[in-house]
Amino acid sequence: MKNHTIVTLKKGQGKILKSGGLWVFDNEIDTIVGTFKNGDVVMVHDFDGYPMGRGFINQNSKIRVRLMTRNIEQEIDDDFLKIRLQEAWDYRKKTVDTSSCRIVFGDADFLPGLVIDKFSDVLVVQCLALGMEQFKLRIVELLKKILLNDGIKIKGVYERSDAKERIKEGLKKVKGFIGEEFDTNVEIIENGVKYIVDVKDGQKTGFFLDQKYNRLSIQKLCKGAKVLDCFTHTGSFALNAGIVGAKSVTGVDASELAVNQATENAKLNGLENVVNFKCEDVFELLPELEKKGEKFDVVILDPPAFTKSKNSIKNAVKGYREINLRGMKLVKDGGYLATCSCSHFMDYELFTKTIGQAARNVHKRLKQVEFRTQSPDHPILWAADESYYLKFYIFQVVDEK
């Protein structure tokens, strides 16, 4: 049954919507006419009555309406969801290796608040918006059918809706199997490297698929090299270095769970004699290595987001500057630095400027080898700024000459 509630924008508001985005904020709304409950799909009109589309409403959230469609007549039913999912899957088949990939990336696939990752024959679902919650189980069933049409049989589905964002939406955190239980340690192969992905207790959905091609891009630099991989998590950059014949690789992470997993992943690839992992604080370790006079052919910096809001951006800049400055000091003259930021708030300009300051502070010259973003299965939707978050540079680091 279609809800005929109409949300009308204030004059001059709805900038995100009008530029192609999906969000209506609470302070942009003039009136709401009709009866509804949170999560219902409502109509959005501009101040003059012009129809803008239909989306779900939630009064618990500052993002009051998330648009599902620009078509005011469109029912949000199985047929509609099937089209959205088929389009998302068809796009992945064209753009990435789909053995493991993100199939749904929220707003960028016009399914706001929903993330679905595929790890081999397992799906991991994360639902972060109240309005999407009602469609979640149907979407899982529809997606399984779409994949089966391509001969992909999904063994199991695990839900990782255990992120803090759900609290803002008025939802409880949820974690567990959708359907039958299965072994939650899933083996995948990416860029020729094998990993065990822990979909139950790993970070986010278990593994960071967004760095897939960035990991591949460092392989060419690491043959015969001495490599340091900072914030290694489950060892992905380190193992990409090891698999192509690095001389020695040291991976560092503060999480004991991550380091144990990384060590297992090294064994899985027969690299335990080349790739070693340490459980240490990177900020403390780098000055120690510098004191010892250690130098590396390749240093990789893949830190967690130092900022998750605009308010903490100053501290984040300090963190990124410090870590890059320390990293550059450990690169031998003519060696390589791979460095990235996965924070949406640390935008391209600010990140670039911060790296430049770090280089000047330690009298290093940077030759840019390449600049990259997230893997194409995490598409950047122009008009949805938050969908662009990962910045990744490779530099050759040379002493001032």
# chains A, B, ... in the order shown; residues from 1 in each chain; ligands from 1
$ residues_around --residues "Trp382 of chain A" --least-positions-apart "5" --cutoff "10 Å" --atoms "only C-alpha atoms" --output "PyMOL selection string"
chain A and resi 19-21+108+387-388
$ closest_atom_pairs --of "segment 299-366 of chain A" --to "segment 282-289 of chain A" --cutoff "12 Å" --atoms "only C-alpha atoms" --output "JSON lines"
{"residue": "A:Val299", "atom": "CA", "partner": "A:Leu286", "partner_atom": "CA", "distance": 10.9}
{"residue": "A:Ile300", "atom": "CA", "partner": "A:Val282", "partner_atom": "CA", "distance": 11.6}
{"residue": "A:Leu301", "atom": "CA", "partner": "A:Val282", "partner_atom": "CA", "distance": 9.7}
{"residue": "A:Asp302", "atom": "CA", "partner": "A:Val282", "partner_atom": "CA", "distance": 10.8}
{"residue": "A:Pro303", "atom": "CA", "partner": "A:Val282", "partner_atom": "CA", "distance": 9.3}
{"residue": "A:Pro304", "atom": "CA", "partner": "A:Val282", "partner_atom": "CA", "distance": 11.6}
{"residue": "A:Gly319", "atom": "CA", "partner": "A:Phe283", "partner_atom": "CA", "distance": 9.1}
{"residue": "A:Tyr320", "atom": "CA", "partner": "A:Phe283", "partner_atom": "CA", "distance": 10.7}
{"residue": "A:Arg321", "atom": "CA", "partner": "A:Phe283", "partner_atom": "CA", "distance": 11.6}
{"residue": "A:Glu322", "atom": "CA", "partner": "A:Phe283", "partner_atom": "CA", "distance": 8.3}
{"residue": "A:Ile323", "atom": "CA", "partner": "A:Phe283", "partner_atom": "CA", "distance": 6.9}
{"residue": "A:Asn324", "atom": "CA", "partner": "A:Leu286", "partner_atom": "CA", "distance": 10.4}
{"residue": "A:Leu325", "atom": "CA", "partner": "A:Leu286", "partner_atom": "CA", "distance": 10.0}
{"residue": "A:Arg326", "atom": "CA", "partner": "A:Leu286", "partner_atom": "CA", "distance": 6.2}
{"residue": "A:Gly327", "atom": "CA", "partner": "A:Leu286", "partner_atom": "CA", "distance": 7.2}
{"residue": "A:Met328", "atom": "CA", "partner": "A:Leu286", "partner_atom": "CA", "distance": 10.3}
{"residue": "A:Lys329", "atom": "CA", "partner": "A:Leu286", "partner_atom": "CA", "distance": 9.1}
{"residue": "A:Leu330", "atom": "CA", "partner": "A:Leu289", "partner_atom": "CA", "distance": 7.7}
{"residue": "A:Val331", "atom": "CA", "partner": "A:Leu289", "partner_atom": "CA", "distance": 11.2}
$ residues_around --residues "Gly179 of chain A" --least-positions-apart "6" --cutoff "9 Å" --atoms "only C-alpha atoms" --output "list in words"
Gly156, Val157 and Tyr158 of chain A
$ write_last_selection --atoms "N, CA, C and O atoms" --output "compact mmCIF listing (two decimals), in the first residue's frame"
# COMPACT_ATOMS: atom_id res chain seq x y z
N GLY A 156 26.15 -19.25 2.17
CA GLY A 156 25.59 -18.69 3.41
C GLY A 156 25.64 -17.18 3.42
O GLY A 156 26.36 -16.56 2.64
N VAL A 157 24.85 -16.61 4.34
CA VAL A 157 24.77 -15.14 4.48
C VAL A 157 24.96 -14.78 5.95
O VAL A 157 24.35 -15.39 6.83
N TYR A 158 25.84 -13.80 6.19
CA TYR A 158 26.08 -13.35 7.56
C TYR A 158 25.79 -11.86 7.64
O TYR A 158 26.14 -11.10 6.73
$ closest_residue --among "A:Lys332, A:Lys292, A:His344, A:Lys223" --to "Lys310 of chain A" --atoms "only C-alpha atoms"
A:His344
$ closest_residue --among "A:Val140, A:Ala338, A:Ile29, A:Val397" --to "Glu370 of chain A" --atoms "only C-alpha atoms"
A:Ala338
$ residues_around --residues "Leu142 of chain A" --least-positions-apart "5" --cutoff "9 Å" --atoms "only C-alpha atoms" --output "PDB file with N, CA and C atoms, in the first residue's frame"
ATOM      1  N   ASP A  78       9.380  -5.794  -5.126  1.00  0.00           N
ATOM      2  CA  ASP A  78      10.387  -6.770  -5.559  1.00  0.00           C
ATOM      3  C   ASP A  78      10.944  -6.454  -6.943  1.00  0.00           C
ATOM      4  N   LEU A  81      13.414  -3.583  -6.628  1.00  0.00           N
ATOM      5  CA  LEU A  81      14.652  -4.000  -5.953  1.00  0.00           C
ATOM      6  C   LEU A  81      15.492  -4.911  -6.846  1.00  0.00           C
ATOM      7  N   LYS A  82      14.816  -5.772  -7.604  1.00  0.00           N
ATOM      8  CA  LYS A  82      15.498  -6.693  -8.510  1.00  0.00           C
ATOM      9  C   LYS A  82      16.278  -5.917  -9.576  1.00  0.00           C
ATOM     10  N   LEU A  85      19.385  -4.327  -7.959  1.00  0.00           N
ATOM     11  CA  LEU A  85      20.415  -5.328  -7.661  1.00  0.00           C
ATOM     12  C   LEU A  85      21.073  -5.858  -8.932  1.00  0.00           C
ATOM     13  N   LEU A 137      15.802  -8.669   4.038  1.00  0.00           N
ATOM     14  CA  LEU A 137      15.698 -10.117   3.780  1.00  0.00           C
ATOM     15  C   LEU A 137      15.250 -10.404   2.353  1.00  0.00           C
ATOM     16  N   LEU A 147      22.548 -14.093  -8.611  1.00  0.00           N
ATOM     17  CA  LEU A 147      23.869 -14.728  -8.686  1.00  0.00           C
ATOM     18  C   LEU A 147      23.759 -16.161  -9.210  1.00  0.00           C
TER      19      LEU A 147
END
$ closest_residue --among "A:Val398, A:Ile139, A:Val249, A:Val7" --to "Asn273 of chain A" --atoms "only C-alpha atoms"
A:Val249
$ residues_around --residues "Cys222 of chain A" --least-positions-apart "4" --cutoff "9 Å" --atoms "only C-alpha atoms" --output "list in words"
Ile218, Lys226, Val227, Asn240, Ala241, Gly242, Val244, Gly245, Ala246, Lys247, Asp297 and Val298 of chain A
$ atom_distance --atom1 "atom CA of Ala384 of chain A" --atom2 "atom CA of Phe345 of chain A"
13.1 Å
$ closest_residue --among "A:Lys136, A:Lys155, A:Lys62, A:Arg84" --to "Asp121 of chain A" --atoms "only C-alpha atoms"
A:Lys155
$ residues_around --residues "Gly170 of chain A" --least-positions-apart "3" --cutoff "10 Å" --atoms "only C-alpha atoms" --output "VMD selection string"
chain A and resid 38 58 to 61 129 to 130 165 to 167 173
$ closest_residue --among "A:Thr354, A:Thr98, A:Asn191, A:Gln203" --to "Ile152 of chain A" --atoms "only C-alpha atoms"
A:Thr98
$ residues_around --residues "Asp97 of chain A" --least-positions-apart "2" --cutoff "10 Å" --atoms "only C-alpha atoms" --output "number ranges by chain"
A: 92-95, 99-101, 190-191, 212-213, 376-377
$ closest_residue --among "A:Leu257, A:Leu143, A:Leu268, A:Ser217" --to "Phe371 of chain A" --atoms "only C-alpha atoms"
A:Ser217
$ atom_distance --atom1 "atom CA of Val125 of chain A" --atom2 "atom CA of Thr373 of chain A"
23.2 Å
$ select_by_dssp --residues "segment 202-330 of chain A" --states "strand (DSSP E)" --output "ChimeraX atom specification"
/A:226-230,248-253,275-279,296-301
